[in-house]
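Q: File name query03.csv; file contents CSV, C-alpha atoms and all ligand atoms; full text below.
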chain,number,residue,atom,x,y,z
A,1,MET,CA,0.5,119.1,18.9
A,2,VAL,CA,3.2,117.8,16.6
A,3,LYS,CA,1.9,115.8,13.7
A,4,TYR,CA,3.0,112.2,14.0
A,5,VAL,CA,3.7,110.5,10.8
A,6,VAL,CA,3.7,106.7,10.7
A,7,THR,CA,6.2,104.7,8.6
A,8,PRO,CA,4.4,103.4,5.6
A,9,SER,CA,5.3,99.7,5.0
A,10,SER,CA,4.6,99.8,1.3
A,11,GLU,CA,6.1,102.7,-0.7
A,12,THR,CA,4.1,101.9,-3.8
A,13,GLN,CA,0.8,102.0,-1.9
A,14,HIS,CA,1.8,105.1,0.0
A,15,ALA,CA,2.8,106.9,-3.2
A,16,ALA,CA,-0.5,106.0,-4.9
A,17,TRP,CA,-2.4,107.3,-1.8
A,18,ARG,CA,-0.5,110.5,-1.9
A,19,SER,CA,-1.1,111.1,-5.6
A,20,GLY,CA,-4.8,110.7,-5.1
A,21,ALA,CA,-4.9,107.5,-7.1
A,22,VAL,CA,-6.4,104.1,-6.1
A,23,PRO,CA,-3.4,101.8,-5.3
A,24,GLU,CA,-2.7,98.6,-7.2
A,25,VAL,CA,-3.8,95.2,-6.1
A,26,GLU,CA,-0.7,93.9,-4.2
A,27,ARG,CA,0.6,90.8,-2.8
A,28,VAL,CA,1.5,91.8,0.8
A,29,ARG,CA,3.0,88.5,1.8
A,30,PRO,CA,2.9,85.0,0.4
A,31,GLY,CA,-0.8,84.0,0.6
A,32,LEU,CA,-2.0,87.5,1.4
A,33,TRP,CA,-3.4,90.2,-1.0
A,34,SER,CA,-4.5,93.8,-0.7
A,35,ILE,CA,-7.4,94.7,-3.0
A,36,PRO,CA,-8.5,98.4,-3.0
A,37,VAL,CA,-12.2,98.7,-3.6
A,38,PRO,CA,-13.4,102.2,-4.6
A,39,ILE,CA,-15.9,104.1,-2.5
A,40,PRO,CA,-18.1,106.6,-4.3
A,41,VAL,CA,-18.1,110.3,-3.4
A,42,ASN,CA,-16.0,109.9,-0.3
A,43,PRO,CA,-12.6,111.5,0.4
A,44,LEU,CA,-11.3,108.1,1.6
A,45,ARG,CA,-11.7,106.9,-2.0
A,46,TYR,CA,-11.3,103.2,-1.3
A,47,VAL,CA,-11.5,100.5,1.2
A,48,LEU,CA,-8.7,98.0,1.4
A,49,VAL,CA,-10.1,94.5,1.2
A,50,TYR,CA,-7.6,91.7,2.2
A,51,ALA,CA,-7.7,88.3,0.6
A,52,LEU,CA,-6.2,85.4,2.7
A,53,GLU,CA,-5.4,82.3,0.7
A,54,LEU,CA,-6.8,79.1,2.0
A,55,PRO,CA,-6.2,75.5,0.8
A,56,ASP,CA,-9.5,75.5,-1.0
A,57,GLY,CA,-10.2,79.2,-1.8
A,58,VAL,CA,-9.9,82.5,-0.1
A,59,ALA,CA,-11.3,84.4,2.9
A,60,ILE,CA,-11.7,88.2,2.7
A,61,VAL,CA,-11.5,90.8,5.4
A,62,ASP,CA,-14.2,93.4,4.7
A,63,ALA,CA,-16.0,93.7,1.4
A,64,GLY,CA,-16.7,97.2,0.2
A,65,TRP,CA,-19.8,99.2,-0.6
A,66,ASN,CA,-22.7,97.6,-2.4
A,67,THR,CA,-22.2,99.2,-5.8
A,68,ASP,CA,-21.5,97.6,-9.2
A,69,GLU,CA,-18.2,99.5,-9.4
A,70,ALA,CA,-17.1,98.1,-6.0
A,71,TYR,CA,-18.2,94.6,-6.9
A,72,ASP,CA,-16.4,94.7,-10.2
A,73,ALA,CA,-13.2,96.0,-8.5
A,74,LEU,CA,-13.4,93.2,-6.0
A,75,VAL,CA,-13.9,90.5,-8.7
A,76,ALA,CA,-11.0,92.0,-10.7
A,77,GLY,CA,-8.7,92.1,-7.7
A,78,LEU,CA,-9.5,88.5,-6.7
A,79,GLY,CA,-8.7,87.7,-10.3
A,80,VAL,CA,-5.2,89.2,-10.0
A,81,ALA,CA,-4.7,87.1,-7.0
A,82,GLY,CA,-5.8,84.0,-9.0
A,83,PHE,CA,-9.3,83.6,-7.5
A,84,ALA,CA,-12.8,83.8,-8.7
A,85,ILE,CA,-15.6,85.3,-6.6
A,86,THR,CA,-17.0,81.8,-6.2
A,87,ASP,CA,-13.8,80.8,-4.4
A,88,VAL,CA,-14.6,83.1,-1.4
A,89,LYS,CA,-15.3,80.9,1.6
A,90,GLY,CA,-15.8,83.6,4.2
A,91,VAL,CA,-16.1,87.3,4.7
A,92,LEU,CA,-14.7,88.7,8.0
A,93,VAL,CA,-16.4,92.0,8.5
A,94,THR,CA,-14.5,94.4,10.9
A,95,HIS,CA,-17.7,96.4,11.5
A,96,ILE,CA,-21.1,97.3,10.2
A,97,HIS,CA,-20.3,100.5,8.3
A,98,PRO,CA,-21.4,100.4,4.7
A,99,ASP,CA,-17.9,100.7,3.2
A,100,HIS,CA,-17.0,97.4,5.0
A,101,TYR,CA,-20.2,95.5,5.3
A,102,GLY,CA,-22.2,96.8,2.3
A,103,LEU,CA,-21.1,94.3,-0.2
A,104,ALA,CA,-20.9,91.2,2.1
A,105,GLY,CA,-24.4,90.0,1.2
A,106,ARG,CA,-23.7,90.1,-2.5
A,107,VAL,CA,-20.4,88.2,-2.1
A,108,ARG,CA,-22.3,85.5,-0.1
A,109,GLU,CA,-25.0,85.3,-2.8
A,110,MET,CA,-22.4,84.7,-5.5
A,111,SER,CA,-20.1,82.3,-3.5
A,112,GLY,CA,-22.0,80.8,-0.6
A,113,ALA,CA,-19.4,82.3,1.7
A,114,TRP,CA,-20.2,82.8,5.4
A,115,ILE,CA,-20.3,86.3,6.8
A,116,ALA,CA,-18.8,86.9,10.3
A,117,LEU,CA,-19.6,89.9,12.5
A,118,HIS,CA,-19.3,90.7,16.2
A,119,PRO,CA,-22.7,90.2,18.0
A,120,ALA,CA,-22.8,93.9,19.1
A,121,ASP,CA,-22.7,95.0,15.4
A,122,ALA,CA,-24.9,92.1,14.3
A,123,ALA,CA,-27.6,93.4,16.7
A,124,LEU,CA,-27.7,96.7,14.8
A,125,VAL,CA,-28.3,95.4,11.3
A,126,HIS,CA,-32.1,95.5,11.5
A,127,ASP,CA,-32.2,98.9,13.1
A,128,ARG,CA,-29.9,100.4,10.7
A,129,TYR,CA,-30.8,99.1,7.3
A,130,ASP,CA,-34.3,97.6,7.4
A,131,ASP,CA,-37.1,99.8,6.1
A,132,ASP,CA,-39.5,99.2,9.0
A,133,ALA,CA,-36.9,100.2,11.6
A,134,ILE,CA,-35.3,103.2,10.0
A,135,ASP,CA,-37.9,105.8,10.9
A,136,SER,CA,-37.5,104.9,14.5
A,137,LEU,CA,-33.7,105.3,14.3
A,138,VAL,CA,-34.1,108.7,12.6
A,139,ARG,CA,-36.5,109.7,15.4
A,140,ARG,CA,-34.1,108.7,18.1
A,141,GLU,CA,-31.3,110.5,16.3
A,142,ARG,CA,-33.4,113.6,16.1
A,143,ALA,CA,-34.3,113.5,19.8
A,144,GLN,CA,-30.6,113.1,20.7
A,145,LEU,CA,-29.5,116.0,18.5
A,146,GLY,CA,-32.3,118.1,20.0
A,147,ARG,CA,-30.9,117.4,23.5
A,148,ALA,CA,-27.4,118.3,22.2
A,149,GLY,CA,-28.8,121.8,21.3
A,150,VAL,CA,-28.8,121.5,17.5
A,151,PRO,CA,-30.9,124.5,16.3
A,152,ALA,CA,-34.5,123.5,15.5
A,153,GLY,CA,-34.1,124.7,11.9
A,154,THR,CA,-31.4,122.2,11.1
A,155,LEU,CA,-32.6,119.2,13.1
A,156,ASP,CA,-34.4,117.4,10.3
A,157,GLU,CA,-31.5,117.9,7.9
A,158,LEU,CA,-29.0,116.6,10.4
A,159,ALA,CA,-31.1,113.6,11.6
A,160,GLY,CA,-31.7,112.3,8.1
A,161,ALA,CA,-28.2,113.1,6.9
A,162,SER,CA,-27.1,109.5,6.1
A,163,MET,CA,-30.3,108.2,4.6
A,164,MET,CA,-29.0,108.6,1.1
A,165,ILE,CA,-26.3,106.0,1.6
A,166,ARG,CA,-28.6,103.2,2.8
A,167,HIS,CA,-28.9,101.6,-0.6
A,168,LEU,CA,-25.2,101.0,-0.5
A,169,VAL,CA,-25.8,98.1,1.9
A,170,ALA,CA,-27.6,94.9,1.1
A,171,THR,CA,-29.1,93.8,4.4
A,172,ALA,CA,-27.4,90.6,5.3
A,173,LYS,CA,-27.6,88.8,8.6
A,174,PRO,CA,-24.3,87.3,9.6
A,175,ASP,CA,-23.8,83.5,9.6
A,176,ARG,CA,-21.1,83.5,12.3
A,177,LEU,CA,-20.8,85.7,15.4
A,178,VAL,CA,-17.3,86.3,16.4
A,179,GLU,CA,-16.3,87.4,19.9
A,180,ASP,CA,-13.2,88.8,21.6
A,181,GLY,CA,-10.4,86.2,21.4
A,182,ASP,CA,-12.2,83.8,19.1
A,183,PRO,CA,-9.9,81.9,16.8
A,184,LEU,CA,-11.3,82.2,13.2
A,185,GLY,CA,-10.3,78.6,12.3
A,186,LEU,CA,-9.0,79.5,8.8
A,187,PRO,CA,-6.6,76.7,7.7
A,188,GLY,CA,-3.0,78.0,7.5
A,189,TRP,CA,-3.8,81.1,9.5
A,190,ASP,CA,-3.6,81.5,13.3
A,191,LEU,CA,-6.0,84.4,13.0
A,192,ARG,CA,-7.8,85.5,16.2
A,193,ALA,CA,-10.4,88.2,16.7
A,194,LEU,CA,-10.0,91.2,19.0
A,195,TRP,CA,-13.1,93.1,20.0
A,196,THR,CA,-12.2,96.8,19.7
A,197,PRO,CA,-15.4,98.8,20.4
A,198,GLY,CA,-15.4,102.5,20.0
A,199,HIS,CA,-15.8,103.5,16.4
A,200,SER,CA,-18.6,101.0,16.3
A,201,PRO,CA,-20.0,98.9,19.2
A,202,GLY,CA,-18.8,95.6,17.7
A,203,HIS,CA,-15.7,96.6,15.8
A,204,LEU,CA,-13.3,93.8,15.4
A,205,CYS,CA,-9.6,93.7,14.6
A,206,PHE,CA,-7.9,90.4,13.5
A,207,VAL,CA,-4.4,89.5,14.6
A,208,SER,CA,-2.0,86.8,13.3
A,209,PRO,CA,0.6,86.3,16.0
A,210,SER,CA,2.8,84.1,13.9
A,211,ARG,CA,2.9,86.5,11.0
A,212,ARG,CA,2.8,89.5,13.3
A,213,LEU,CA,0.1,91.2,11.4
A,214,LEU,CA,-2.9,93.2,12.5
A,215,PHE,CA,-5.9,93.8,10.3
A,216,SER,CA,-7.1,97.0,12.0
A,217,GLY,CA,-10.2,97.9,10.1
A,218,ASP,CA,-11.0,101.5,11.0
A,219,HIS,CA,-9.7,101.2,14.6
A,220,VAL,CA,-6.2,102.4,13.8
A,221,LEU,CA,-5.3,104.1,10.6
A,222,ALA,CA,-2.1,105.8,9.3
A,223,LYS,CA,-3.3,109.4,9.0
A,224,ILE,CA,-6.9,109.9,10.1
A,225,THR,CA,-8.5,109.0,13.5
A,226,PRO,CA,-11.8,107.2,13.2
A,227,ILE,CA,-15.0,108.9,14.3
A,228,VAL,CA,-15.9,108.0,17.9
A,229,ALA,CA,-19.4,109.3,18.6
A,230,VAL,CA,-22.4,109.0,20.9
A,231,HIS,CA,-25.5,108.1,18.8
A,232,PRO,CA,-28.6,106.0,19.3
A,233,GLN,CA,-26.7,102.8,18.4
A,234,SER,CA,-23.6,103.5,20.4
A,235,ARG,CA,-22.7,102.1,23.8
A,236,PRO,CA,-23.0,104.6,26.7
A,237,ASN,CA,-19.4,105.8,26.7
A,238,PRO,CA,-17.8,105.0,23.3
A,239,LEU,CA,-14.7,107.1,23.9
A,240,ALA,CA,-13.9,105.1,27.0
A,241,ASP,CA,-14.4,101.9,25.0
A,242,TYR,CA,-12.2,103.3,22.2
A,243,LEU,CA,-9.3,104.4,24.4
A,244,ASP,CA,-9.4,101.1,26.3
A,245,SER,CA,-9.4,99.0,23.1
A,246,LEU,CA,-6.8,101.2,21.6
A,247,ALA,CA,-4.5,100.6,24.6
A,248,ALA,CA,-5.0,96.9,24.3
A,249,VAL,CA,-4.1,96.9,20.6
A,250,GLY,CA,-1.1,99.1,21.3
A,251,LYS,CA,0.4,96.3,23.3
A,252,LEU,CA,0.4,93.8,20.5
A,253,ASP,CA,3.7,92.6,19.1
A,254,VAL,CA,3.0,93.2,15.4
A,255,GLU,CA,5.3,94.2,12.6
A,256,GLU,CA,2.7,95.5,10.1
A,257,VAL,CA,-0.7,97.1,10.4
A,258,LEU,CA,-3.2,96.4,7.6
A,259,PRO,CA,-5.9,99.0,7.9
A,260,ALA,CA,-9.1,99.4,5.9
A,261,HIS,CA,-8.2,102.8,4.4
A,262,GLU,CA,-5.2,104.8,3.3
A,263,TYR,CA,-2.1,102.6,3.5
A,264,ARG,CA,-0.5,100.0,5.6
A,265,PHE,CA,2.2,100.9,8.1
A,266,ALA,CA,4.7,99.8,10.8
A,267,ASP,CA,5.1,101.2,14.3
A,268,LEU,CA,1.7,100.4,15.8
A,269,ALA,CA,2.6,101.5,19.3
A,270,GLY,CA,3.8,104.9,18.0
A,271,ARG,CA,0.6,105.5,16.1
A,272,VAL,CA,-1.6,104.4,19.1
A,273,GLY,CA,0.4,106.8,21.4
A,274,TYR,CA,-0.4,109.7,19.0
A,275,VAL,CA,-4.1,108.9,18.7
A,276,VAL,CA,-4.4,108.7,22.5
A,277,ALA,CA,-2.6,112.1,22.8
A,278,HIS,CA,-4.9,113.5,20.2
A,279,HIS,CA,-8.0,112.6,22.2
A,280,GLU,CA,-6.4,113.9,25.4
A,281,GLU,CA,-5.8,117.2,23.8
A,282,ARG,CA,-9.4,117.3,22.5
A,283,LEU,CA,-10.7,116.5,26.0
A,284,ALA,CA,-8.7,119.3,27.5
A,285,GLU,CA,-9.9,121.7,24.8
A,286,ILE,CA,-13.6,120.8,25.4
A,287,GLU,CA,-13.1,121.0,29.2
A,288,ALA,CA,-11.6,124.5,28.8
A,289,THR,CA,-14.5,125.5,26.5
A,290,VAL,CA,-17.1,124.4,29.0
A,291,ALA,CA,-15.1,126.2,31.8
A,292,ALA,CA,-14.8,129.5,29.8
A,293,VAL,CA,-18.6,129.7,29.5
A,294,GLY,CA,-19.1,128.6,33.0
A,295,ASP,CA,-22.8,129.0,33.3
A,296,GLY,CA,-24.0,126.2,31.0
A,297,ILE,CA,-23.4,125.5,27.3
A,298,THR,CA,-24.9,123.0,24.9
A,299,CYS,CA,-23.0,120.3,23.2
A,300,TRP,CA,-23.7,122.0,19.8
A,301,ASP,CA,-22.3,125.3,21.1
A,302,VAL,CA,-19.2,123.5,22.3
A,303,ALA,CA,-18.8,121.8,18.9
A,304,THR,CA,-19.0,125.1,17.0
A,305,ARG,CA,-16.3,126.7,19.1
A,306,LEU,CA,-13.7,123.9,18.7
A,307,THR,CA,-10.9,124.0,16.2
A,308,TRP,CA,-11.7,121.8,13.2
A,309,SER,CA,-9.7,121.0,10.1
A,310,ARG,CA,-11.9,123.4,8.2
A,311,GLU,CA,-14.4,126.2,8.9
A,312,TRP,CA,-17.5,124.9,10.7
A,313,GLU,CA,-19.8,126.8,8.3
A,314,THR,CA,-18.4,124.8,5.4
A,315,PHE,CA,-19.3,121.4,7.0
A,316,PRO,CA,-22.0,119.5,5.1
A,317,PRO,CA,-24.9,118.3,7.4
A,318,PHE,CA,-23.5,114.8,8.0
A,319,MET,CA,-20.2,116.3,9.1
A,320,ARG,CA,-21.9,118.7,11.5
A,321,ARG,CA,-23.8,115.8,12.9
A,322,ALA,CA,-20.6,113.7,13.3
A,323,ALA,CA,-18.8,116.6,14.9
A,324,THR,CA,-21.7,117.2,17.4
A,325,ASN,CA,-21.9,113.5,18.3
A,326,GLU,CA,-18.1,113.3,18.6
A,327,THR,CA,-18.1,116.3,20.9
A,328,LEU,CA,-20.8,114.6,22.9
A,329,ALA,CA,-18.6,111.5,23.2
A,330,HIS,CA,-15.9,113.6,24.8
A,331,LEU,CA,-18.3,115.4,27.1
A,332,VAL,CA,-19.7,112.0,28.3
A,333,TRP,CA,-16.1,110.8,28.9
A,334,LEU,CA,-15.5,114.0,31.0
A,335,GLU,CA,-18.8,113.6,32.8
A,336,ASP,CA,-17.9,110.0,33.7
A,337,ARG,CA,-14.7,111.3,35.4
A,338,GLY,CA,-16.4,114.2,37.1
A,339,ARG,CA,-14.7,116.8,34.9
A,340,ALA,CA,-18.0,118.0,33.4
A,341,ILE,CA,-21.5,118.1,34.8
A,342,ARG,CA,-24.6,117.6,32.7
A,343,VAL,CA,-27.9,119.2,33.7
A,344,PRO,CA,-30.5,117.4,31.7
A,345,GLY,CA,-33.1,119.5,29.9
A,346,GLU,CA,-34.2,120.5,26.4
A,347,PRO,CA,-31.4,121.0,25.6
A,348,ASP,CA,-28.9,119.5,28.1
A,349,LEU,CA,-26.5,122.0,29.5
A,350,TRP,CA,-22.9,121.3,30.4
A,351,PHE,CA,-21.1,122.9,33.3
A,352,PRO,CA,-17.5,122.6,34.6
A,353,GLY,CA,-16.8,119.7,36.9
A,354,LEU,CA,-16.3,120.4,40.6
A,355,PRO,CA,-12.7,121.4,41.5
A,401,ZN,ZN,-16.2,102.8,9.9
A,402,ZN,ZN,-14.3,102.7,7.0
Could you render the structure as structure tokens?
Ligand SMILES: [Zn+2]
Ligand SMILES: [Zn+2]
A:
Amino acid sequence: MVKYVVTPSSETQHAAWRSGAVPEVERVRPGLWSIPVPIPVNPLRYVLVYALELPDGVAIVDAGWNTDEAYDALVAGLGVAGFAITDVKGVLVTHIHPDHYGLAGRVREMSGAWIALHPADAALVHDRYDDDAIDSLVRRERAQLGRAGVPAGTLDELAGASMMIRHLVATAKPDRLVEDGDPLGLPGWDLRALWTPGHSPGHLCFVSPSRRLLFSGDHVLAKITPIVAVHPQSRPNPLADYLDSLAAVGKLDVEEVLPAHEYRFADLAGRVGYVVAHHEERLAEIEATVAAVGDGITCWDVATRLTWSREWETFPPFMRRAATNETLAHLVWLEDRGRAIRVPGEPDLWFPGLP
């Protein structure tokens, strides 16, 4: 498959990304700022927080991780834009992942801002981040990985793989629940929410029709494709959700995409077309892998046979888990269309669909 390269809409930001640096705080348009907030030990390096000027302060899209370094970068970035942390009136969170939502609670504590989240992600806050619920989540994850055929010796390691990042989120219940199509009511902004499930069940994008801007969160990015995986908190067929919401976003008439990582870009439709083709290719590869074995294969065994960007053996545990759950999302999509058949068991076995 030919690599599709989007057109970056800011050369400065793109150059910083390429050189491995964290980009500068930038004024994207009048009244709109891009503030990179560093993420510790992660190849993505930073999350792009956007600050939208309001008559009496500022609203931000996403917040960053709950670390002092991230908080300081956010405060400094708002300073460049001419605002203090106490000026933040609202935090629009695209989704519940810790690099977007982690710092929202601390921003609210300092400023009294409201936090907005889609109900489907708001419903996961307790399960994901509260101490009394976490054991049950790990147990469900372990059971699912067992059914996927993860070898017994690595089950515990894989099931608990993201526990070490939990402290990067301050559990904060949202103040506002935002659904598909809801206007955000920010003075001076015709901003509207789009529910774009797939990467997370309640992922939101925000669109400004008059400015022709899309705040895309992790839904559409310039270079990487977001993880779309089956896990205990996902909806039943997250890849179908993702491809549907991708198609919907691809029809928007926008001039610039403001994603949460990497760099901003133009040509949304082109990028969406590429990501759809990428998943179609993956679906075909997985279908062929199941067919080549023919007499039943586990999801884990499918995952280890696929082509990945690096050697499977070099994947750290959390990446093996993500790769397994992502493969499962593709198998479930194929099952839904009769292109693969699951025989439930311990583990589940996958067979080719009926011709
Ligand atoms: Zn994410
Ligand atoms: Zn992210």
Q: Using only C-alpha atoms, which residues sit within 8 Å of A:Asp62 once same-chain residues fewer than 6 positions away are excluded, as a ChimeraX atom specification?
A: /A:48-50,91-94,100-101,104,260
Q: Pick out the closest residue to ligand ZN 401 (chain A) from this set: A:Asp180, A:Glu313, A:Asp135, A:Asp121. Count all atoms listed in the file.
A: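 The shortest atom-to-atom distance to ligand ZN 401 (chain A) comes from A:Asp121.
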Q: Mind giving me the straight-line distance from atom CA of A:Ile115 to atom CA of A:Val220 in Å, one decimal?
A: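 Taking atom CA of A:Ile115 as the start and atom CA of A:Val220 as the end point, the length is 22.5 Å.
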Q: One decimal, in Å: what's the spacing between atom CA of A:Gly338 and atom CA of A:Val272?
A: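 Separating atom CA of A:Gly338 from atom CA of A:Val272 is a distance of 25.3 Å.
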Q: Mind giving me the straight-line distance from atom CA of A:His126 to atom CA of A:Trp195 in Å, one decimal?
A: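 Answer for the atom CA of A:His126 to atom CA of A:Trp195 separation: 21.0 Å.
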Q: Mind dumping a table of every stretch 244-342 of chain A residue within 7 Å of stretch 154-159 of chain A, with the nearest atom pair and its distance in Å to one decimal, using only C-alpha atoms, sorted by chain and rising number, as CSV?
A:
residue,atom,partner,partner_atom,distance
A:Pro317,CA,A:Leu158,CA,5.4
A:Phe318,CA,A:Leu158,CA,6.3
A:Arg321,CA,A:Leu158,CA,5.8
Q: Do you know which residues are at most 10 Å from A:Leu184 counting all atoms listed in the file, after dropping those on the same chain fewer than 6 positions away, and could you put them as a VMD selection string?
A: chain A and resid 92 116 176 178 190 to 193 206
Q: Hey, which residues sit close to ligand ZN 402 (chain A)? Say within 8 Å, counting all atoms listed in the file, and write them as a ChimeraX atom specification.
A: /A:47,97-100,217-218,260-261
